[in-house]
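Novice: Sending over target15.tsv (TSV, C-alpha atoms).
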chain	number	residue	atom	x	y	z
A	443	MET	CA	16.54	3.47	10.73
A	444	ALA	CA	17.50	4.86	14.14
A	445	TRP	CA	18.30	2.37	16.90
A	446	ASP	CA	17.61	2.87	20.60
A	447	PRO	CA	20.31	1.01	22.61
A	448	THR	CA	18.34	1.32	25.85
A	449	LEU	CA	15.17	-0.14	24.34
A	450	TYR	CA	17.11	-2.95	22.64
A	451	SER	CA	18.99	-3.79	25.84
A	452	ALA	CA	15.80	-4.10	27.89
A	453	PHE	CA	15.81	-7.81	26.94
A	454	ALA	CA	19.58	-8.24	26.99
A	455	GLN	CA	19.64	-11.68	28.62
A	456	PRO	CA	17.20	-13.51	26.32
A	457	ARG	CA	18.84	-11.86	23.30
A	458	LEU	CA	22.28	-12.96	24.55
A	459	ARG	CA	21.51	-16.66	24.88
A	460	PRO	CA	21.38	-17.42	21.12
A	461	ALA	CA	24.73	-15.68	20.65
A	462	LEU	CA	26.29	-17.85	23.34
A	463	ASP	CA	24.74	-20.97	21.81
A	464	LEU	CA	26.24	-20.04	18.44
A	465	MET	CA	29.63	-19.25	19.95
A	466	ALA	CA	29.73	-22.63	21.69
A	467	ARG	CA	29.63	-24.42	18.31
A	468	ILE	CA	32.67	-22.61	16.87
A	469	GLU	CA	35.91	-24.59	16.78
A	470	ALA	CA	38.71	-22.08	16.22
A	471	PRO	CA	41.18	-22.34	19.13
A	472	GLU	CA	43.88	-20.11	17.63
A	473	ALA	CA	41.86	-17.35	16.03
A	474	ALA	CA	43.91	-14.21	15.36
A	475	ARG	CA	41.37	-12.00	13.56
A	476	VAL	CA	37.71	-11.94	14.65
A	477	VAL	CA	34.95	-9.61	13.44
A	478	ASP	CA	31.50	-9.21	14.98
A	479	LEU	CA	29.34	-7.98	12.11
A	480	GLY	CA	26.33	-6.02	13.36
A	481	CYS	CA	27.80	-5.80	16.85
A	482	GLY	CA	25.13	-3.50	18.31
A	483	THR	CA	25.90	-2.51	21.90
A	484	GLY	CA	29.00	-4.72	21.96
A	485	ASN	CA	27.94	-7.10	24.74
A	486	VAL	CA	28.60	-10.12	22.50
A	487	THR	CA	31.75	-8.58	21.01
A	488	ARG	CA	33.30	-8.28	24.45
A	489	ILE	CA	32.58	-11.97	25.07
A	490	LEU	CA	34.25	-12.81	21.76
A	491	ALA	CA	37.31	-10.91	22.97
A	492	GLU	CA	37.30	-13.01	26.14
A	493	ARG	CA	36.93	-16.20	24.12
A	494	TRP	CA	39.95	-15.30	21.97
A	495	PRO	CA	42.14	-13.14	24.25
A	496	ARG	CA	45.05	-12.99	21.79
A	497	ALA	CA	42.93	-12.12	18.77
A	498	GLN	CA	42.38	-8.76	17.14
A	499	VAL	CA	38.63	-8.33	17.70
A	500	THR	CA	36.58	-5.76	15.77
A	501	GLY	CA	32.92	-4.89	16.15
A	502	MET	CA	31.21	-3.30	13.15
A	503	ASP	CA	27.76	-1.74	13.05
A	504	SER	CA	25.83	0.75	10.92
A	505	SER	CA	24.29	2.54	13.92
A	506	PRO	CA	26.26	5.38	15.55
A	507	GLU	CA	23.95	5.14	18.58
A	508	MET	CA	24.71	1.46	19.10
A	509	LEU	CA	28.46	1.99	18.67
A	510	GLU	CA	28.45	4.83	21.19
A	511	ALA	CA	26.90	2.45	23.73
A	512	ALA	CA	29.40	-0.27	22.75
A	513	ARG	CA	32.40	1.98	23.32
A	514	GLU	CA	31.06	2.99	26.73
A	515	GLY	CA	31.13	-0.69	27.66
A	516	GLY	CA	34.92	-0.78	27.38
A	517	GLY	CA	36.77	-4.00	26.65
A	518	ARG	CA	39.61	-4.93	24.35
A	519	VAL	CA	37.68	-4.30	21.15
A	520	THR	CA	37.97	-1.96	18.18
A	521	TYR	CA	34.61	-0.62	17.00
A	522	THR	CA	33.99	0.71	13.53
A	523	LEU	CA	31.02	2.30	11.74
A	524	GLY	CA	30.13	0.78	8.39
A	525	ASP	CA	27.62	-0.84	6.08
A	526	MET	CA	27.28	-4.56	6.83
A	527	GLY	CA	26.21	-5.24	3.26
A	528	GLY	CA	29.43	-3.78	1.92
A	529	PHE	CA	31.75	-5.30	4.51
A	530	THR	CA	35.19	-6.27	3.20
A	531	ALA	CA	37.92	-7.48	5.54
A	532	PRO	CA	41.38	-5.95	4.96
A	533	GLU	CA	42.81	-9.41	5.71
A	534	LYS	CA	41.19	-12.83	5.67
A	535	LEU	CA	39.48	-13.58	8.97
A	536	ASP	CA	39.64	-16.57	11.28
A	537	VAL	CA	36.09	-15.94	12.55
A	538	LEU	CA	33.37	-13.80	11.03
A	539	PHE	CA	30.55	-13.75	13.58
A	540	SER	CA	27.12	-12.20	13.16
A	541	ASN	CA	24.32	-12.47	15.71
A	542	ALA	CA	20.81	-11.24	14.87
A	543	ALA	CA	21.94	-8.79	12.20
A	544	LEU	CA	22.00	-10.20	8.66
A	545	HIS	CA	18.22	-10.56	8.46
A	546	TRP	CA	18.13	-6.78	7.97
A	547	LEU	CA	19.91	-7.22	4.62
A	548	GLY	CA	18.45	-8.50	1.38
A	549	ASP	CA	19.77	-10.70	-1.45
A	550	HIS	CA	21.19	-13.45	0.77
A	551	ALA	CA	22.04	-15.46	-2.35
A	552	ALA	CA	24.80	-12.94	-3.07
A	553	LEU	CA	25.51	-11.78	0.49
A	554	PHE	CA	26.42	-15.07	2.16
A	555	PRO	CA	28.96	-16.32	-0.39
A	556	ARG	CA	30.58	-12.88	-0.34
A	557	LEU	CA	30.84	-12.95	3.46
A	558	LEU	CA	32.24	-16.48	3.41
A	559	ALA	CA	34.89	-15.26	0.97
A	560	GLN	CA	36.15	-12.90	3.70
A	561	VAL	CA	37.15	-15.93	5.79
A	562	LYS	CA	40.46	-17.71	5.29
A	563	PRO	CA	40.51	-21.44	4.39
A	564	GLY	CA	39.62	-23.36	7.52
A	565	GLY	CA	38.15	-20.27	9.13
A	566	VAL	CA	34.55	-19.94	10.25
A	567	LEU	CA	31.51	-17.89	9.28
A	568	ALA	CA	29.07	-18.13	12.21
A	569	VAL	CA	25.60	-16.62	11.85
A	570	GLN	CA	22.39	-16.46	13.86
A	571	MET	CA	19.26	-14.84	12.45
A	572	PRO	CA	15.69	-14.63	13.71
A	573	HIS	CA	13.47	-16.98	11.71
A	574	ASN	CA	10.25	-15.93	13.36
A	575	HIS	CA	8.60	-13.91	10.65
A	576	TYR	CA	5.65	-16.28	10.34
A	577	ALA	CA	4.86	-16.11	14.09
A	578	ALA	CA	1.86	-14.26	15.49
A	579	SER	CA	4.02	-11.36	16.67
A	580	HIS	CA	4.90	-10.60	13.05
A	581	ALA	CA	1.63	-11.69	11.42
A	582	ILE	CA	-0.21	-9.26	13.69
A	583	MET	CA	2.25	-6.57	12.70
A	584	ALA	CA	1.20	-7.10	9.07
A	585	GLU	CA	-2.49	-7.04	10.05
A	586	ALA	CA	-2.09	-3.78	11.95
A	587	ALA	CA	-0.14	-2.29	9.04
A	588	GLU	CA	-3.14	-2.99	6.79
A	589	ALA	CA	-5.69	-1.65	9.27
A	590	GLY	CA	-5.38	2.12	9.00
A	591	PRO	CA	-4.62	5.14	6.82
A	592	TRP	CA	-0.92	4.23	7.06
A	593	ARG	CA	-1.51	1.11	4.94
A	594	ASP	CA	0.29	2.24	1.77
A	595	VAL	CA	3.43	3.09	3.74
A	596	LEU	CA	3.58	0.29	6.30
A	597	ALA	CA	2.08	-2.76	4.58
A	598	PRO	CA	5.10	-3.30	2.27
A	599	LEU	CA	7.48	-3.06	5.26
A	600	ALA	CA	5.47	-5.51	7.35
A	601	ALA	CA	5.28	-8.04	4.50
A	602	ARG	CA	9.08	-8.49	4.35
A	603	PHE	CA	10.34	-12.06	4.96
A	604	PRO	CA	14.12	-11.74	4.78
A	605	VAL	CA	15.28	-15.15	6.06
A	606	SER	CA	14.93	-18.26	3.91
A	607	ASP	CA	14.55	-21.87	5.00
A	608	PRO	CA	17.66	-23.79	6.16
A	609	SER	CA	17.76	-25.81	2.93
A	610	PHE	CA	18.33	-22.58	0.96
A	611	TYR	CA	21.47	-21.77	2.93
A	612	TYR	CA	22.68	-25.37	2.78
A	613	ASP	CA	22.39	-25.49	-1.02
A	614	LEU	CA	24.04	-22.07	-1.27
A	615	LEU	CA	27.00	-22.64	1.06
A	616	ALA	CA	27.73	-26.38	1.10
A	617	PRO	CA	29.63	-26.27	-2.24
A	618	LEU	CA	31.81	-23.43	-0.85
A	619	SER	CA	32.65	-24.98	2.50
A	620	GLN	CA	34.61	-27.75	4.17
A	621	SER	CA	31.71	-28.32	6.56
A	622	LEU	CA	28.35	-26.74	7.27
A	623	ASP	CA	26.48	-27.08	10.56
A	624	ILE	CA	23.00	-25.60	10.26
A	625	TRP	CA	20.11	-25.84	12.71
A	626	GLU	CA	17.09	-24.09	14.17
A	627	THR	CA	16.08	-23.58	17.78
A	628	GLU	CA	12.81	-22.26	19.16
A	629	TYR	CA	13.33	-20.44	22.44
A	630	LEU	CA	10.48	-19.89	24.85
A	631	HIS	CA	11.14	-16.45	26.30
A	632	VAL	CA	9.42	-15.70	29.61
A	633	LEU	CA	8.67	-11.97	29.67
A	634	ASP	CA	7.60	-9.67	32.48
A	635	GLY	CA	5.57	-6.51	32.31
A	636	ASP	CA	2.43	-5.20	30.65
A	637	ASN	CA	2.06	-6.40	27.05
A	638	PRO	CA	5.81	-7.22	26.90
A	639	VAL	CA	5.76	-8.65	23.36
A	640	VAL	CA	5.17	-5.10	22.14
A	641	ALA	CA	8.17	-3.91	24.14
A	642	TRP	CA	10.23	-6.74	22.61
A	643	THR	CA	9.29	-5.94	19.00
A	644	ARG	CA	9.70	-2.18	19.51
A	645	GLY	CA	13.40	-2.85	20.00
A	646	THR	CA	13.71	-4.76	16.71
A	647	ALA	CA	11.13	-5.69	14.05
A	648	LEU	CA	8.72	-2.85	14.80
A	649	ARG	CA	11.36	-0.14	14.53
A	650	PRO	CA	11.37	0.37	10.74
A	651	LEU	CA	7.59	0.67	10.73
A	652	LEU	CA	7.52	3.23	13.55
A	653	ASP	CA	10.32	5.18	11.87
A	654	ALA	CA	8.45	5.22	8.55
A	655	VAL	CA	5.49	7.31	9.75
A	656	ALA	CA	5.10	10.53	11.74
A	657	GLU	CA	2.55	11.42	14.38
A	658	PRO	CA	-0.35	10.93	14.75
A	659	TRP	CA	-0.06	7.79	12.61
A	660	ARG	CA	2.88	6.43	14.60
A	661	SER	CA	1.00	6.37	17.89
A	662	ALA	CA	-2.22	5.17	16.28
A	663	PHE	CA	-0.47	2.28	14.53
A	664	LEU	CA	1.37	1.30	17.73
A	665	LEU	CA	-1.92	1.35	19.64
A	666	GLU	CA	-3.57	-0.86	17.02
A	667	TYR	CA	-0.69	-3.33	17.09
A	668	SER	CA	-0.63	-3.34	20.90
A	669	ARG	CA	-4.36	-4.02	21.12
A	670	ARG	CA	-4.12	-6.98	18.74
A	671	ILE	CA	-1.01	-8.40	20.43
A	672	ALA	CA	-2.64	-8.26	23.87
A	673	ASN	CA	-5.46	-10.49	22.59
A	674	VAL	CA	-3.01	-13.21	21.47
A	675	TYR	CA	-0.10	-13.14	23.92
A	676	ARG	CA	-1.98	-13.30	27.20
A	677	PRO	CA	-0.29	-13.41	30.62
A	678	ARG	CA	-0.08	-16.78	32.32
A	679	ALA	CA	-1.34	-17.47	35.84
A	680	ASP	CA	1.86	-16.02	37.32
A	681	GLY	CA	1.48	-12.78	35.35
A	682	ARG	CA	4.29	-13.53	32.89
A	683	THR	CA	3.94	-13.80	29.12
A	684	LEU	CA	5.45	-16.54	26.92
A	685	LEU	CA	7.02	-15.60	23.59
A	686	PRO	CA	8.08	-18.54	21.39
A	687	PHE	CA	10.87	-17.38	19.11
A	688	ARG	CA	12.55	-19.44	16.37
A	689	ARG	CA	16.12	-18.72	15.26
A	690	LEU	CA	18.32	-20.06	12.45
A	691	PHE	CA	21.99	-20.87	13.09
A	692	MET	CA	24.87	-21.82	10.84
A	693	VAL	CA	28.57	-22.48	11.37
A	694	VAL	CA	30.37	-22.65	8.02
A	695	ARG	CA	34.02	-23.70	7.66
A	696	ALA	CA	35.47	-22.10	4.54
A	697	ASN	CA	37.29	-23.95	1.77
What is this structure when it is put down as structure tokens?
Specialist:
Amino acid sequence: MAWDPTLYSAFAQPRLRPALDLMARIEAPEAARVVDLGCGTGNVTRILAERWPRAQVTGMDSSPEMLEAAREGGGRVTYTLGDMGGFTAPEKLDVLFSNAALHWLGDHAALFPRLLAQVKPGGVLAVQMPHNHYAASHAIMAEAAEAGPWRDVLAPLAARFPVSDPSFYYDLLAPLSQSLDIWETEYLHVLDGDNPVVAWTRGTALRPLLDAVAEPWRSAFLLEYSRRIANVYRPRADGRTLLPFRRLFMVVRAN
């Protein structure tokens, strides 16, 4: 799947807030090795480097386009291209941080214990993932995927629910950790522009569907999704649109 850094960054501020909320819950004053897994354009990675100015900070992502944008941002960070699912730290980490990335990977029952094993005893695995796949923005995506000749290709992609309930992660990680802080927050994003929920999802959840089909299906599917979204997410009296968005957080201190 190809990523568009410009499109993703169009909502940089509302996407940044959950990362800052996650970072605020991490207690690791003397971290020496920090990795941002799924670092994207590096805006959060650079803040991690400011938080731990004496640490070796690495940002890893699977998208060359995102990493190119990250390197252009400068900062005291090393960026590396790689597969998040196969990530292995050369040395145990003090902080393994991942913001809005791990929901793209499957088999969390195997993935999360393996990631926690990359963290030294007393170190922290800190993760934020969208948990919004039952919301109208995604339900309508599934409806639109079923509504045209693209159905056989897009319906299986739209039906994917990658993030489990908090209790799943608690049962999985509590036996492997000294402590586990897990919570959910629903943000109410205030968006500007014409049909802005479509613009939001085009930068993330809609991307694999648009990449899976060629024209004219791509434009026709996007038009169908846009029409349905506009009927549900209507502008308020001031012209802005509200997007409720639920996210799952966890801060795990390794055994």
Novice: Need to verify the contact set: A:Phe687, 9 Å, all atoms listed in the file, exclusion of same-chain residues closer than 4 positions in sequence. Can you return it as a VMD selection string?
Specialist: chain A and resid 572 to 574 577 627 to 631
Novice: What does the structure give for the distance between atom CA of A:Met526 and atom CA of A:Ala542, in Å to one decimal?
Specialist: 12.3 Å
Novice: Report the distance between atom CA of A:Val569 and atom CA of A:Met692 in Å, rounded to one decimal place.
Specialist: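 Interatomic distance, atom CA of A:Val569 to atom CA of A:Met692: 5.3 Å.
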Novice: What's the 6 Å shell around stretch 544-553 of chain A, counting only C-alpha atoms, without same-chain residues fewer than 5 positions away, as JSON, numbers by chain?
Specialist: {"A": [571, 604, 605]}
Novice: If you count only C-alpha atoms, which residues fall within 10 Å of A:Glu666, apart from same-chain ones fewer than 2 positions away, as a list in words?
Specialist: Ile582, Met583, Glu585, Ala586, Ala587, Ala589, Gly590, Ser661, Ala662, Phe663, Leu664, Ser668, Arg669, Arg670 and Ile671 of chain A
Novice: Given the point (6.4, -3.3, 14.1) in the coordinates of this file, which residues lie within 9 Å, counting all atoms listed in the file, and how would they look as an MDAnalysis selection string?
Specialist: chainID A and resid 579:580 582:584 586:587 599:600 640 643:644 646:652 663:664 667
Novice: Extract, using all atoms listed in the file, all DNA, RNA and protein residues at most 10 Å from A:Pro471, discarding same-chain residues fewer than 4 positions from it, and format them as a list of chain:residue names.
Specialist: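 Returned residues: A:Arg493, A:Trp494, A:Asp536.
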Novice: Show me, as a PDB file with C-alpha atoms, in the coordinates of the input, the residues that have an atom within 12 Å of A:Gln560 when counting all atoms listed in the file, minus same-chain residues fewer than 6 positions from it.
Specialist:
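Result file follows (selection32.pdb):
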ATOM      1  CA  ARG A 475      41.370 -12.000  13.560  1.00  0.00           C
ATOM      2  CA  VAL A 476      37.710 -11.940  14.650  1.00  0.00           C
ATOM      3  CA  VAL A 477      34.950  -9.610  13.440  1.00  0.00           C
ATOM      4  CA  LEU A 479      29.340  -7.980  12.110  1.00  0.00           C
ATOM      5  CA  GLY A 528      29.430  -3.780   1.920  1.00  0.00           C
ATOM      6  CA  PHE A 529      31.750  -5.300   4.510  1.00  0.00           C
ATOM      7  CA  THR A 530      35.190  -6.270   3.200  1.00  0.00           C
ATOM      8  CA  ALA A 531      37.920  -7.480   5.540  1.00  0.00           C
ATOM      9  CA  PRO A 532      41.380  -5.950   4.960  1.00  0.00           C
ATOM     10  CA  GLU A 533      42.810  -9.410   5.710  1.00  0.00           C
ATOM     11  CA  LYS A 534      41.190 -12.830   5.670  1.00  0.00           C
ATOM     12  CA  LEU A 535      39.480 -13.580   8.970  1.00  0.00           C
ATOM     13  CA  ASP A 536      39.640 -16.570  11.280  1.00  0.00           C
ATOM     14  CA  VAL A 537      36.090 -15.940  12.550  1.00  0.00           C
ATOM     15  CA  LEU A 538      33.370 -13.800  11.030  1.00  0.00           C
ATOM     16  CA  PHE A 539      30.550 -13.750  13.580  1.00  0.00           C
ATOM     17  CA  LEU A 553      25.510 -11.780   0.490  1.00  0.00           C
ATOM     18  CA  PHE A 554      26.420 -15.070   2.160  1.00  0.00           C
ATOM     19  CA  VAL A 566      34.550 -19.940  10.250  1.00  0.00           C
ATOM     20  CA  LEU A 567      31.510 -17.890   9.280  1.00  0.00           C
ATOM     21  CA  ARG A 695      34.020 -23.700   7.660  1.00  0.00           C
ATOM     22  CA  ALA A 696      35.470 -22.100   4.540  1.00  0.00           C
ATOM     23  CA  ASN A 697      37.290 -23.950   1.770  1.00  0.00           C
TER      24      ASN A 697
END
Novice: Could you state the separation of atom CA of A:Gly480 and atom CA of A:Leu618 in Å, given to one decimal place?
Specialist: 23.1 Å
Novice: Work out where the centre of an axis-aligned box around every listed atom of stretch 654-672 of chain A lies and how long its edges are once 5 Å is added on each side; give both in Å to one decimal as lines of an AutoDock Vina configuration file.
Specialist:
center_x = 2.0
center_y = 1.5
center_z = 16.2
size_x = 22.8
size_y = 29.8
size_z = 25.3
Novice: Kindly indicate which residue among A:Leu690, A:Ala470, A:Pro638, A:Arg513 lies nearest to A:Val674, using only C-alpha atoms for the distances.
Specialist: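 Ranking A:Leu690, A:Ala470, A:Pro638, A:Arg513 by distance to A:Val674, first place goes to A:Pro638.
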Novice: Name the closest residue to A:Ala672 among the candidates A:Val632, A:Ala601, A:Ala578, A:Ala543; distances are taken between atoms, counting only C-alpha atoms.
Specialist: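 Closest residue, counting only C-alpha atoms: A:Ala578.
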Novice: Which of these, A:Thr500, A:Gln570, A:Thr483, A:Gln455, has the shortest distance to A:Arg518 once you count all atoms listed in the file?
Specialist: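 For A:Arg518, the nearest of the candidates is A:Thr500.
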Novice: Determine the nearest neighbour of A:His575 from the options A:Phe603, A:Asp636, A:Gly681, A:Gln498, counting only C-alpha atoms.
Specialist: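 Of all the options, A:Phe603 lies closest to A:His575.
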Novice: So, with all atoms listed in the file as the atoms that count, which of A:Asp613, A:Asp594, A:Asp478, A:Asp680 lies closest to A:Ala568?
Specialist: A:Asp478
